[in-house]
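Enquirer: Input: one structure, supplied below.
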8 protein chains.
Amino acid sequence: MDDESLKETLKRVKKGELSIDEASVELRKISFSDIGFAKLDDHRALRTGQDEVIFCLGKTPEQVREIAKELGKNKKLLATKATPEQYASIKKEFEEAVYFENSKTVTLKPEENDFIGSILILTAGTSDHSIAEEALVTAQFLGSRTELIADVGVAGIHRLFSHKEDIDKAKVIIVIAGMEGALASVVAGIVSVPVIAVPTSIGYGASFEGLAALLSMMNSCAPGVAVVNIDNGFGAGYLAHIINNGLN
Amino acid sequence: MDDESLKETLKRVKKGELSIDEASVELRKISFSDIGFAKLDDHRALRTGQDEVIFCLGKTPEQVREIAKELGKNKKLLATKATPEQYASIKKEFEEAVYFENSKTVTLKPEENDFIGSILILTAGTSDHSIAEEALVTAQFLGSRTELIADVGVAGIHRLFSHKEDIDKAKVIIVIAGMEGALASVVAGIVSVPVIAVPTSIGYGASFEGLAALLSMMNSCAPGVAVVNIDNGFGAGYLAHIINNGLN
Amino acid sequence: MDDESLKETLKRVKKGELSIDEASVELRKISFSDIGFAKLDDHRALRTGQDEVIFCLGKTPEQVREIAKELGKNKKLLATKATPEQYASIKKEFEEAVYFENSKTVTLKPEENDFIGSILILTAGTSDHSIAEEALVTAQFLGSRTELIADVGVAGIHRLFSHKEDIDKAKVIIVIAGMEGALASVVAGIVSVPVIAVPTSIGYGASFEGLAALLSMMNSCAPGVAVVNIDNGFGAGYLAHIINNGLN
Amino acid sequence: MDDESLKETLKRVKKGELSIDEASVELRKISFSDIGFAKLDDHRALRTGQDEVIFCLGKTPEQVREIAKELGKNKKLLATKATPEQYASIKKEFEEAVYFENSKTVTLKPEENDFIGSILILTAGTSDHSIAEEALVTAQFLGSRTELIADVGVAGIHRLFSHKEDIDKAKVIIVIAGMEGALASVVAGIVSVPVIAVPTSIGYGASFEGLAALLSMMNSCAPGVAVVNIDNGFGAGYLAHIINNGLN
Amino acid sequence: MDDESLKETLKRVKKGELSIDEASVELRKISFSDIGFAKLDDHRALRTGQDEVIFCLGKTPEQVREIAKELGKNKKLLATKATPEQYASIKKEFEEAVYFENSKTVTLKPEENDFIGSILILTAGTSDHSIAEEALVTAQFLGSRTELIADVGVAGIHRLFSHKEDIDKAKVIIVIAGMEGALASVVAGIVSVPVIAVPTSIGYGASFEGLAALLSMMNSCAPGVAVVNIDNGFGAGYLAHIINNGLN
Amino acid sequence: MDDESLKETLKRVKKGELSIDEASVELRKISFSDIGFAKLDDHRALRTGQDEVIFCLGKTPEQVREIAKELGKNKKLLATKATPEQYASIKKEFEEAVYFENSKTVTLKPEENDFIGSILILTAGTSDHSIAEEALVTAQFLGSRTELIADVGVAGIHRLFSHKEDIDKAKVIIVIAGMEGALASVVAGIVSVPVIAVPTSIGYGASFEGLAALLSMMNSCAPGVAVVNIDNGFGAGYLAHIINNGLN
Amino acid sequence: MDDESLKETLKRVKKGELSIDEASVELRKISFSDIGFAKLDDHRALRTGQDEVIFCLGKTPEQVREIAKELGKNKKLLATKATPEQYASIKKEFEEAVYFENSKTVTLKPEENDFIGSILILTAGTSDHSIAEEALVTAQFLGSRTELIADVGVAGIHRLFSHKEDIDKAKVIIVIAGMEGALASVVAGIVSVPVIAVPTSIGYGASFEGLAALLSMMNSCAPGVAVVNIDNGFGAGYLAHIINNGLN
Amino acid sequence: MDDESLKETLKRVKKGELSIDEASVELRKISFSDIGFAKLDDHRALRTGQDEVIFCLGKTPEQVREIAKELGKNKKLLATKATPEQYASIKKEFEEAVYFENSKTVTLKPEENDFIGSILILTAGTSDHSIAEEALVTAQFLGSRTELIADVGVAGIHRLFSHKEDIDKAKVIIVIAGMEGALASVVAGIVSVPVIAVPTSIGYGASFEGLAALLSMMNSCAPGVAVVNIDNGFGAGYLAHIINNGLN
């Protein structure tokens with residue numbers, strides 16, 4: 001029930017066109033999509049970005065284009081896990097859409113806004129870069145200042161410590177690692193800010209497509225870590241942003 | 001927002017004590033638990049039985065008693081997976097509560113109502129009896145006529161066929177089997193009514209506590225089968241009842 | 001033993017050509033495929049549709065065509081999980097066969113019959129559409145009135161509630177969801193009719209090709225849900241139909 | 001190298017007892033535990049609470065007591081997963097230690113400090129209470145204002161929505177759910193703050209001791225969720241606190 | 001339909017009391033439990049032993065006694081996985097029943113019959129003895145000459161080869177091994193008779209209760225091996241017997 | 001130590017060129033590959049067929065050809081899981097090699113020998129045909145009379161029973177089934193001969209590439225069943241042959 | 001064939017009582033247990049310790065005592081995973097046997113021998129101590145100088161680095177860790193000696209009884225690590241010893 | 001802090017430009033990347049080979065080339081799991097790089113150095129050759145004398161024993177096996193040197209891409225075995241080398 005209908009009903013009560021009982025029944029009929037969830041919707045409008053995100057996996061290029069057309073009305077759009085075909089399809093609608101090939105991410109954005117706060121993304125190895133890019137693009141799209149320090153896995157832990165200063169400055173840290181995923185525990189052990197761990201499917205054999213890293217991160221002996229899905233750079237970037245955003 | 005508050009608001013609009021805009025804001029505040037979901041609640045009241053069911057696993061006897069006290073106001077109550085201690089705790093509140101030891105089920109019921117329709121429960125082996133009893137007690141508690149034919153597993157498939165007549169009369173069939181769970185497929189292959197399959201944790205070794213039976217039932221080559229959780233006699237009895245109930 | 005042989009035997013008894021003992025032995029020889037199961041067969045003939053269904057996975061186009069030729073004698077045929085090649089092969093036999101590309105389903109049907117009852121299919125996301133189509137085509141092929149409301153997953157639960165009215169009208173509901181499959185529990189919590197849950201392989205990482213959704217649906221905290229195999233749109237459509245069919 | 005040795009070396013340089021080169025070699029020998037990590041240690045001292053936490057699983061009561069004695073010097077101590085025997089052992093050392101029986105948590109704390117911010121813990125069912133208590137005790141021990149709304153699982157989703165107002169006030173939300181764990185996705189879909197999901201081992205059969213809930217939460221279709229280990233109330237409370245703490 | 005009814009029907013046909021058509025209908029009604037499966041039953045009566053076997057897991061002592069009473073009419077009975085309580089319950093009915101404590105097997109048997117053929121049971125380690133005993137008791141109960149060579153696992157493969165002569169004499173070999181289960185492959189590589197492999201739950205850690213041995217045996221690089229369930233000594237003894245029995 | 005060296009040593013003993021003690025030491029040196037295992041080898045030569053089998057998976061066409069050349073000296077050769085390329089490579093060496101495309105099996109055989117005994121292969125569905133062909137070709141290659149009855153899965157169990165007569169004649173039965181694999185239990189329940197169960201990877205979703213069928217068959221409630229690896233038609237054909245061969 | 005028989009045969013050749021051909025056949029009969037493997041046995045006698053080790057899991061106290069009696073003839077014996085009952089049983093035979101309660105290890109040893117080389121055991125947490133003790137006792141029993149540094153897990157990685165000097169001295173390192181097992185990778189990244197990783201079952205929830213640590217260690221991004229079974233302190237101690245032993 | 005800054009500081013202390021206290025503070029600031037870890041780095045420079053290894057999986061050809069350019073400055077480089085494209089990319093930089101096609105390994109090496117010690121690689125079957133080649137190339141690259149004996153799996157165990165002499169000479173043994181991986185246990189049972197087991201993904205069905213072999217090797221009943229990741233030939237070669245290297 002939109003505002004007009006609601007007020008209309010009330011006016012008719014005032015005028016005596018509707019009895020109290022009739023109006024009561026009328027208002028009871030209000031489906032929560034009309035009332036209850038309108039509030040939710042308004043609320044959701046306040047959230048940065050989610051409404052403009054398309055998860056492309058399993059959708060046809062045509063479906064992606066349709067959804068992009070609708071969600072991208074304000075020239076703001078993020079599409080994740082997008083194949084080149086899906087990107088091409090979006091591009092037909094929005095010429096200025098940009099494609100990040102490594103991470104298969106598409107962005108459409110107005111003039112660069114001011115970035116806030118400080119998110120740091122750490123990756124264990126070069127192979128984790130595509131997922132890191134997804135997290136980076138997501139967090140920047142949403143408005144967070146985000147930096148990436150790559151290839152600081154525990155096989156040579158001094159590489160990590162040489163960045164201690166940058167690490168100490170971050171307000172939220174995303175750790176991206178495949179194989180045994182040990183980097184998450186090590187980082188959580190030396191910082192006091194939230195660590196979001198992203199297991200990646202990098203590895204082979206008993207990495208079981210990221211399961212080893214996932215379980216490892218889940219069992220971190222250092223507290224302060226929470227885990228998102230394997231290869232879910234977007235999820236990490238999004239969560240890091242809403243934490244970082246609240247801090248500013 | 002209960003009915004009185006709603007009408008009160010409307011009255012005040014009528015009297016002019018509240019402007020249209022003020023009333024509009026007021027009504028917008030209505031949480032959906034007050035309005036939107038009241039409808040849901042009324043609706044749920046129409047459902048047979050769910051509101052009177054306690055799932056006892058992981059609750060202290062005291063918690064069970066508290067919940068029982070509240071839900072059992074109409075002297076109608078079903079508690080599943082209840083230990084003897086939990087039963088004893090319920091009994092303190094409701095002297096007439098009955099305990100089915102095998103299935104660890106507690107019932108509290110008014111005078112026997114008329115049973116409707118026809119549910120048939122088939123078990124593969126004697127060891128599946130406790131889960132069968134849970135399904136039986138549940139379906140009867142909810143008001144369905146329910147019968148049990150035990151020990152007709154596929155190791156001696158003639159035992160099943162000797163009950164063909166009873167099987168043909170059923171409107172819904174529950175198949176309860178552990179080990180390889182093959183009975184579900186066989187039954188679904190000879191009937192034209194819905195088959196609800198309940199894998200049980202009966203077995204050892206590679207039965208992996210019911211996983212073998214679950215996967216087997218999930219992959220039934222005969223259509224018309226759906227599966228509930230391992231050892232979930234209650235779930236099967238409940239679902240069978242709402243199908244059976246709709247048919248009458 | 002066909003009818004003629006049986007009557008022939010009896011005639012010879014009557015004529016005295018066979019002694020009672022000889023005839024008794026003769027009749028004992030009757031294999032149950034000839035007698036016992038003929039009854040089964042007649043019975044199965046009453047079932048809607050199963051005899052005309054081909055599960056195409058793992059079959060060569062030629063095998064599919066052979067089976068189609070035999071099963072499709074009454075110009076009624078449903079083939080699931082059919083590749084374009086398998087469809088082409090069926091088409092050679094039945095020019096009027098229709099191919100649903102998304103769901104890889106083939107149908108061959110006489111004039112549209114009257115649809116009965118009311119099945120509602122709900123999907124969590126656009127990506128689940130192909131499985132939904134399989135369920136839809138199946139249930140309609142078998143004769144059930146079936147509707148589809150897409151993209152009402154729990155990430156924005158108001159989308160679901162805005163269809164509350166349609167949901168309340170359904171006699172059976174099929175919920176199709178990948179990822180975490182939470183939609184099944186939520187729907188089962190607000191309706192009083194049977195819910196058939198179909199986990200889909202949509203997702204990535206720890207969705208493990210649908211395992212996450214399957215386990216989630218299996219453990220639904222709301223009763224009234226049963227689960228079919230991952231991506232088994234056909235199984236859900238079939239089961240929904242036999243429940244819906246019994247209700248009319 | 002402690003401060004004294006360092007200054008001693010420098011004095012000897014000043015006095016000319018050590019050449020620049022000799023001193024350079026000497027100082028190079030400084031193990032990082034002495035220098036480099038002293039910084040770390042100081043840094044870690046700034047972190048609220050971690051240094052005073054004992055994870056009791058797999059430790060003997062005597063070991064627990066020893067550790068407690070050392071960590072609890074400031075009369076501040078948190079011990080998780082503590083058996084009554086382990087608690088008794090701590091109590092011998094610290095008479096004023098308190099035991100939370102449900103969650104097997106022990107706390108030792110000075111006068112109640114001012115609580116900051118706002119953490120909200122939501123549980124799906126009564127059975128999840130022990131884990132919720134662990135999270136609650138942890139977050140409060142660390143200094144966060146923390147509230148608990150129990151039993152708002154998706155089987156009756158209106159129970160959740162009736163607390164919408166409280167939900168909207170929280171700065172961080174912890175969702176604790178066993179079985180299918182759907183509550184995490186639903187909550188993340190209606191809020192804009194970080195959601196920390198804790199799968200619990202509540203359930204049976206195909207819940208596989210919390211695996212179903214874990215996978216479900218990992219695959220949340222709503223972004224903004226990260227997951228900690230099954231039954232890891234402490235981890236959730238700790239992470240929620242450091243997010244909440246940063247926000248104030 | 002028993003013999004008398006059948007002959008009665010035929011007599012009435014002969015006498016003309018029943019028309020051919022009427023008799024035809026009458027005979028069609030014969031349920032297969034009465035006719036078709038009687039044949040099956042007769043057939044099954046020819047099988048050695050299965051009808052006298054009770055699988056005790058998940059049955060109450062009282063249920064076991066009831067079943068024992070019925071199956072043991074000919075003073076011949078085998079009960080597997082029987083607890084001491086279940087044994088005691090059987091003993092009340094059959095004083096002469098014998099209990100094999102290690103393997104939890106109960107036997108009741110008439111005078112020792114002649115043993116036929118030659119089954120050899122090989123175990124990898126002393127810890128596999130209880131399962132070996134179950135296989136041994138089963139095969140001997142059914143009438144096969146059966147010997148056991150224990151503790152010839154591959155950690156010291158010369159122990160195996162020192163029994164080469166005995167191994168060469170066997171007509172069927174049962175290999176019982178936990179941990180990595182390698183013995184099955186090694187044995188199959190040096191014999192030309194069927195090898196039945198029984199994985200046991202002996203081991204710890206990544207043996208996952210026998211899963212490691214099961215998978216290992218399943219993947220035997222030497223052909224001629226088939227696998228029964230983890231700890232299924234009975235199944236191996238039974239299958240070995242029917243192979244051995246056919247050979248004599 | 002080849003025969004000549006052995007005899008040479010003995011001759012020198014006879015001639016007095018070697019003392020008893022010296023010869024004793026000499027003979028002790030004999031490596032078992034020379035003596036001990038020669039016996040094994042001779043023994044293995046008595047086995048039908050294994051020495052002429054190539055498992056092609058993971059080998060290059062060139063490697064396959066090399067091995068074929070060596071093993072196929074007697075114009076007798078069986079190659080399994082052979083790609084068309086691997087077959088082509090064998091064909092270069094042996095023009096008369098035959099390729100079974102469905103099962104990817106290659107055979108090279110002298111004039112048809114007399115087949116012995118009776119193996120029966122039952123498949124649950126048309127899709128299992130390729131594995132059945134592998135078993136059939138293997139058993140026939142080794143010399144066993146082997147028949148195949150296809151498509152008798154439990155979805156329409158009357159199809160199985162209509163072949164009861166053929167089933168009763170078999171001395172060994174191979175059951176090949178994917179999906180839920182229930183056929184193995186049902187067959188084992190109605191026969192008294194050994195049943196070798198082959199799970200196939202036919203199915204989708206929760207069949208997990210044959211795992212569901214494997215677990216199902218492992219847990220058969222009917223005794224007399226043993227299981228070989230998923231899709232291991234060769235292993236089943238081989239084992240069936242050595243059982244069947246012993247029986248004749 | 002013992003020495004006497006062999007010499008006897010040779011004598012008869014010398015005397016001409018046996019022809020060369022006859023003797024050749026006779027000697028071919030020599031089973032390898034008699035000849036070939038005697039060599040093996042002699043060889044194995046050279047191995048330190050394995051012959052004196054009892055793995056107690058799944059053995060009765062009586063069986064353990066019997067084996068101890070035989071293996072412990074030289075007053076040297078190691079028994080692992082021994083319950084107090086099993087220890088008591090050994091003690092009856094060998095009064096001087098010592099029991100390590102934490103690790104359930106029993107040792108019986110002559111006067112302390114000289115320890116060689118240098119093995120270092122690192123544990124992640126106090127809870128890993130029992131497994132560490134098993135490794136320590138094993139390596140010392142076999143004769144290796146072995147030290148233990150406990151509680152240096154990655155949650156506070158400075159604890160590890162403060163022992164850098166000791167770490168650098170070790171010739172072989174055993175890393176023992178439960179939960180996420182990250183310590184193995186970190187250690188392997190800073191040393192150049194072999195690292196043997198022992199996952200422990202310490203942890204809960206998604207540690208899945210040590211599986212998380214096992215997979216983590218298997219996927220170590222630092223080379224130089226190999227893994228033994230979960231909780232297999234003995235295996236690690238044994239392997240470390242034979243590496244260390246070779247180095248001296 | 002580089003050497004110059006350090007000496008500069010000390011000079012200023014000597015000159016009295018910095019007080020002891022000021023210098024103390026200054027030196028405390030030294031980040032461990034500057035001091036502490038420089039030592040680590042130097043240390044790591046002493047390790048043979050690791051610094052020159054590229055793990056190519058998941059990297060673009062361009063990334064591989066960049067890394068190769070940097071690491072290969074001394075004309076020494078090892079790249080594993082390299083696609084032909086990645087090799088081509090390296091070749092552009094280093095013309096003399098060699099590609100091992102089977103194992104996808106690239107090497108770049110100065111004049112052949114002297115090989116030390118003795119590593120033996122044993123494979124179970126021809127199909128394991130590619131992984132064996134990776135181990136061989138790695139160990140030789142690092143400087144170890146390494147030999148390969150192929151195709152000695154347990155299906156014909158005499159093949160293994162015929163190489164007993166070579167086996168006895170090795171100082172470290174690598175066992176490479178897919179399917180059931182039994183070779184590792186058998187080898188460990190007859191040698192007294194360290195055995196490094198490499199499970200391979202060779203197999204099908206229930207080998208689950210190497211999981212069966214991995215679990216089997218983990219559970220070896222013979223001590224002295226440790227396991228690296230599935231298909232991790234590099235890891236085995238590296239570890240074998242550092243053991244072998246220490247021994248010389």
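Naming scheme: A, B, ... for chains in displayed order of the structure tokens; residues 1 onward per chain; ligands 1 onward as shown.
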Select residues of chain E: the criterion is any atom within 7 Å of an atom of chain G, counting only C-alpha atoms; output as a list in words.

Expert: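 On the chain E side, the interface is Thr126, Ser127, His158, Phe161, Ser162, Ile202, Gly205 and Ala206 of chain E.
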
Enquirer: Excluding stretch 186-193 of chain C and any residue of its chain fewer than 2 positions from it, enumerate the residues within 7 Å of it, using only C-alpha atoms, and give them as a count of residues only.

Expert: 18

Enquirer: Would you give me, as a PyMOL selection string, the residues in stretch 21-247 of chain B that DSSP reads as strand (DSSP E or B)?

Expert: chain B and resi 53-55+77-80+98-100+105-108+116-123+144-149+172-177+195-199+225-227

Enquirer: Output N, CA and C atoms for every residue in that selection, as a CSV table (one decimal), in the first residue's frame.

Expert:
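The file below, out_4.csv, is the result:
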chain,number,residue,atom,x,y,z
B,53,VAL,N,4.2,-28.7,19.1
B,53,VAL,CA,5.3,-29.7,19.0
B,53,VAL,C,6.6,-29.1,19.6
B,54,ILE,N,7.2,-29.9,20.5
B,54,ILE,CA,8.5,-29.5,21.0
B,54,ILE,C,9.6,-30.5,20.5
B,55,PHE,N,10.7,-30.0,19.9
B,55,PHE,CA,11.8,-30.8,19.5
B,55,PHE,C,12.8,-30.7,20.7
B,77,LEU,N,-0.3,-31.8,23.1
B,77,LEU,CA,1.2,-31.6,23.0
B,77,LEU,C,1.9,-32.8,22.5
B,78,LEU,N,2.9,-32.5,21.6
B,78,LEU,CA,3.7,-33.6,21.1
B,78,LEU,C,5.1,-33.2,21.3
B,79,ALA,N,5.9,-34.1,22.0
B,79,ALA,CA,7.3,-33.8,22.2
B,79,ALA,C,8.1,-34.9,21.6
B,80,THR,N,9.1,-34.6,20.7
B,80,THR,CA,9.9,-35.6,20.1
B,80,THR,C,11.4,-35.6,20.6
B,98,VAL,N,1.8,-39.1,27.9
B,98,VAL,CA,2.2,-40.5,27.7
B,98,VAL,C,3.6,-40.6,27.0
B,99,TYR,N,4.4,-41.6,27.4
B,99,TYR,CA,5.8,-41.7,26.9
B,99,TYR,C,5.9,-42.9,26.0
B,100,PHE,N,6.3,-42.7,24.8
B,100,PHE,CA,6.6,-43.9,23.9
B,100,PHE,C,8.1,-44.1,23.9
B,105,THR,N,9.1,-40.4,22.3
B,105,THR,CA,8.0,-39.4,21.9
B,105,THR,C,7.1,-39.3,23.1
B,106,VAL,N,6.7,-38.0,23.4
B,106,VAL,CA,5.7,-37.8,24.4
B,106,VAL,C,4.4,-37.2,23.8
B,107,THR,N,3.3,-37.7,24.2
B,107,THR,CA,2.0,-37.1,23.7
B,107,THR,C,1.1,-36.8,24.8
B,108,LEU,N,0.3,-35.7,24.6
B,108,LEU,CA,-0.7,-35.3,25.5
B,108,LEU,C,-1.9,-35.0,24.6
B,116,ILE,N,-8.7,-39.6,10.0
B,116,ILE,CA,-9.1,-39.5,8.6
B,116,ILE,C,-8.1,-40.1,7.7
B,117,GLY,N,-8.5,-40.4,6.5
B,117,GLY,CA,-7.6,-40.9,5.4
B,117,GLY,C,-6.9,-42.2,5.7
B,118,SER,N,-5.7,-42.3,5.1
B,118,SER,CA,-5.0,-43.5,5.3
B,118,SER,C,-3.5,-43.4,4.9
B,119,ILE,N,-2.7,-43.4,6.0
B,119,ILE,CA,-1.3,-43.4,5.8
B,119,ILE,C,-0.7,-44.8,6.1
B,120,LEU,N,0.2,-45.2,5.3
B,120,LEU,CA,0.8,-46.5,5.6
B,120,LEU,C,2.3,-46.3,5.8
B,121,ILE,N,2.8,-46.9,6.9
B,121,ILE,CA,4.2,-46.9,7.2
B,121,ILE,C,4.8,-48.3,6.9
B,122,LEU,N,5.9,-48.3,6.1
B,122,LEU,CA,6.6,-49.6,5.9
B,122,LEU,C,8.0,-49.5,6.4
B,123,THR,N,8.4,-50.5,7.1
B,123,THR,CA,9.8,-50.5,7.6
B,123,THR,C,10.6,-51.7,7.0
B,144,SER,N,-4.4,-38.4,11.6
B,144,SER,CA,-4.5,-39.3,10.4
B,144,SER,C,-4.6,-40.8,10.8
B,145,ARG,N,-5.4,-41.5,10.1
B,145,ARG,CA,-5.5,-43.0,10.3
B,145,ARG,C,-4.1,-43.5,9.7
B,146,THR,N,-3.4,-44.2,10.5
B,146,THR,CA,-2.1,-44.6,10.2
B,146,THR,C,-1.8,-46.1,10.6
B,147,GLU,N,-1.3,-46.8,9.6
B,147,GLU,CA,-0.9,-48.2,9.9
B,147,GLU,C,0.5,-48.5,9.7
B,148,LEU,N,1.0,-49.5,10.3
B,148,LEU,CA,2.4,-49.9,10.2
B,148,LEU,C,2.6,-51.3,9.8
B,149,ILE,N,3.4,-51.5,8.7
B,149,ILE,CA,3.7,-52.9,8.3
B,149,ILE,C,5.2,-53.0,8.5
B,172,VAL,N,-1.0,-42.2,1.2
B,172,VAL,CA,0.4,-41.7,1.4
B,172,VAL,C,1.2,-42.8,2.0
B,173,ILE,N,2.4,-43.0,1.5
B,173,ILE,CA,3.2,-44.1,2.1
B,173,ILE,C,4.5,-43.5,2.7
B,174,ILE,N,4.8,-43.9,3.9
B,174,ILE,CA,6.1,-43.6,4.5
B,174,ILE,C,7.0,-44.8,4.5
B,175,VAL,N,8.2,-44.7,3.9
B,175,VAL,CA,9.1,-45.9,3.9
B,175,VAL,C,10.3,-45.6,4.8
B,176,ILE,N,10.5,-46.4,5.7
B,176,ILE,CA,11.6,-46.2,6.7
B,176,ILE,C,12.6,-47.3,6.6
B,177,ALA,N,13.8,-47.0,6.2
B,177,ALA,CA,14.9,-48.0,6.0
B,177,ALA,C,16.2,-47.5,6.3
B,195,VAL,N,5.4,-41.1,-1.9
B,195,VAL,CA,6.2,-41.9,-1.0
B,195,VAL,C,7.2,-41.0,-0.3
B,196,ILE,N,7.1,-41.0,1.0
B,196,ILE,CA,8.0,-40.2,1.8
B,196,ILE,C,9.1,-41.1,2.4
B,197,ALA,N,10.3,-40.9,2.1
B,197,ALA,CA,11.4,-41.8,2.5
B,197,ALA,C,12.1,-41.3,3.7
B,198,VAL,N,12.3,-42.1,4.7
B,198,VAL,CA,13.1,-41.7,5.9
B,198,VAL,C,14.3,-42.7,6.0
B,199,PRO,N,15.5,-42.1,5.8
B,199,PRO,CA,16.6,-42.9,6.0
B,199,PRO,C,16.9,-43.1,7.5
B,225,VAL,N,9.2,-40.1,-5.0
B,225,VAL,CA,9.8,-40.2,-3.7
B,225,VAL,C,10.4,-38.9,-3.3
B,226,ALA,N,10.2,-38.5,-2.1
B,226,ALA,CA,11.0,-37.4,-1.5
B,226,ALA,C,11.5,-37.8,-0.1
B,227,VAL,N,12.5,-37.2,0.3
B,227,VAL,CA,13.3,-37.7,1.4
B,227,VAL,C,13.3,-36.6,2.6

Enquirer: Apply DSSP to the structure's backbone, then extract all residues of stretch 60-243 of chain D labelled helix (DSSP H, G or I) and return them as a VMD selection string.

Expert: chain D and resid 61 to 74 84 to 93 126 to 142 154 to 156 158 to 161 164 to 169 183 to 190 205 to 218 233 to 243

Enquirer: What's the 9 Å shell around H:Tyr238, counting only C-alpha atoms, without same-chain residues fewer than 3 positions away, as number ranges by chain?

Expert: G: 223-224; H: 49-50, 135, 138-139, 142, 233-235, 241-243

Enquirer: For C:Val13, find every residue with an atom within 12 Å (counting only C-alpha atoms), except residues of its own chain fewer than 3 positions away, and show them as number ranges by chain.

Expert: C: 6-10, 16-24, 26-27; E: 7, 9-16, 18-20, 23

Enquirer: Quick one: everything within 6 Å of G:Met179, counting only C-alpha atoms, minus sequence neighbours fewer than 3 positions away in the same chain. Send it as an mmCIF file with N, CA, C and O atoms, in the first residue's frame.

Expert:
data_model
loop_
_atom_site.group_PDB
_atom_site.id
_atom_site.type_symbol
_atom_site.label_atom_id
_atom_site.label_comp_id
_atom_site.auth_asym_id
_atom_site.auth_seq_id
_atom_site.Cartn_x
_atom_site.Cartn_y
_atom_site.Cartn_z
ATOM 1 N N ASN A 219 39.236 -23.011 11.470
ATOM 2 C CA ASN A 219 39.805 -23.511 12.712
ATOM 3 C C ASN A 219 40.948 -22.641 13.216
ATOM 4 O O ASN A 219 41.745 -23.094 14.034
ATOM 5 N N GLY G 203 40.736 -29.743 18.684
ATOM 6 C CA GLY G 203 39.869 -28.793 18.005
ATOM 7 C C GLY G 203 38.438 -29.250 18.183
ATOM 8 O O GLY G 203 38.161 -30.176 18.938
ATOM 9 N N SER G 207 36.931 -28.839 12.691
ATOM 10 C CA SER G 207 38.258 -29.475 12.680
ATOM 11 C C SER G 207 38.068 -30.928 12.278
ATOM 12 O O SER G 207 39.013 -31.586 11.859
ATOM 13 N N ALA G 213 43.424 -30.030 10.053
ATOM 14 C CA ALA G 213 44.876 -29.912 10.195
ATOM 15 C C ALA G 213 45.592 -30.798 9.180
ATOM 16 O O ALA G 213 46.579 -30.389 8.566
#

Enquirer: Report the distance between atom CA of E:Ile167 and atom CA of E:Glu134 in Å, rounded to one decimal place.

Expert: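 Atom-to-atom, atom CA of E:Ile167 to atom CA of E:Glu134, that is 20.1 Å.
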
Enquirer: Take atom CA of C:Lys91 and atom CA of C:Arg65 and report the distance between them in Å, one decimal.

Expert: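 Separating atom CA of C:Lys91 from atom CA of C:Arg65 is a distance of 8.5 Å.
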